[in-house]
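J.: I am attaching a structure below and will ask some questions about it afterwards.
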Amino acid sequence: MTGCSTKKRRYKNDIDAQQALNEIKKRAARDKVPIRFYPCSLCNGFHLTSSPGHNGKPKELKLYKLFLKYLHK
Ligand SMILES: [Zn+2]
């Protein structure tokens, strides 16, 4: 229970994170609110974030496409 160095609230799995996200969306009408959750490689949990797509996912996808290019050569 030491939390995470991101200082964000940690959720143990994506289901918990999604539920928390739904709750926040229901209550918050304006301002910056989390729009999605992402898996954290530091604590192996999940965090909510209001920024769209800054985690490793898009990067991985790009690398994956590059990898496919290599395969087809
Ligand atoms: Zn974390």
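Naming works like this for the structure tokens: A, B, ... for the chains as they're shown, residue 1 at the start of each chain, ligands 1 onward in shown order.
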I'd like the neighbourhood of Ala20 of chain A as a PDB file with N, CA and C atoms, in the first residue's frame, where a residue qualifies if any of its atoms comes within 10 Å (using only C-alpha atoms), though same-chain residues fewer than 6 positions away should be ignored.

T.:
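Result file is out.pdb:
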```pdb
ATOM      1  N   TYR A  11      -5.618   2.086  -9.088  1.00  0.00           N
ATOM      2  CA  TYR A  11      -6.682   1.086  -9.130  1.00  0.00           C
ATOM      3  C   TYR A  11      -6.066  -0.257  -9.462  1.00  0.00           C
ATOM      4  N   ASP A  14      -8.431  -2.912 -14.327  1.00  0.00           N
ATOM      5  CA  ASP A  14      -9.114  -2.031 -15.268  1.00  0.00           C
ATOM      6  C   ASP A  14     -10.599  -1.901 -14.960  1.00  0.00           C
ATOM      7  N   LYS A  26     -20.030  11.018 -14.087  1.00  0.00           N
ATOM      8  CA  LYS A  26     -21.409  11.284 -13.671  1.00  0.00           C
ATOM      9  C   LYS A  26     -21.479  12.573 -12.863  1.00  0.00           C
ATOM     10  N   PRO A  34     -10.859  13.199 -15.682  1.00  0.00           N
ATOM     11  CA  PRO A  34     -10.218  12.063 -16.350  1.00  0.00           C
ATOM     12  C   PRO A  34     -11.111  11.531 -17.462  1.00  0.00           C
ATOM     13  N   PHE A  37      -8.459   5.558 -18.538  1.00  0.00           N
ATOM     14  CA  PHE A  37      -7.489   5.000 -17.591  1.00  0.00           C
ATOM     15  C   PHE A  37      -6.392   4.312 -18.394  1.00  0.00           C
ATOM     16  N   HIS A  47      -4.255   3.948 -13.524  1.00  0.00           N
ATOM     17  CA  HIS A  47      -4.508   5.323 -13.119  1.00  0.00           C
ATOM     18  C   HIS A  47      -5.456   5.973 -14.112  1.00  0.00           C
ATOM     19  N   LEU A  48      -6.133   7.023 -13.611  1.00  0.00           N
ATOM     20  CA  LEU A  48      -6.977   7.807 -14.502  1.00  0.00           C
ATOM     21  C   LEU A  48      -6.173   8.994 -15.011  1.00  0.00           C
TER      22      LEU A  48
END
```

J.: When you look at Arg9 of chain A with a cut-off of 12 Å (counting only C-alpha atoms), what residues show up, excluding the ones that are within fewer than 2 positions of it in the same chain? I need them as a PyMOL selection string.

T.: chain A and resi 1-7+11-12+16-17+20-21+34+37-38+40+43+45-49

J.: Quick one, how far is atom CA of Ser51 of chain A from atom CA of Lys25 of chain A?

T.: 14.6 Å

J.: Record the distance separating atom CA of Ile35 of chain A and atom CA of Glu23 of chain A, expressed in Å with one decimal.

T.: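 Atom CA of Glu23 of chain A lies 11.4 Å from atom CA of Ile35 of chain A.
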
J.: What is the distance between atom CA of Asn22 of chain A and atom CA of Arg36 of chain A, in Å to one decimal?

T.: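 Interatomic distance here is 9.6 Å.
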
J.: Nearest to ligand 1: which of A:Ala29, A:Leu42, A:Leu66, A:Leu71 is it, counting only C-alpha atoms and all ligand atoms?

T.: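 Closest residue, counting only C-alpha atoms and all ligand atoms: A:Leu42.
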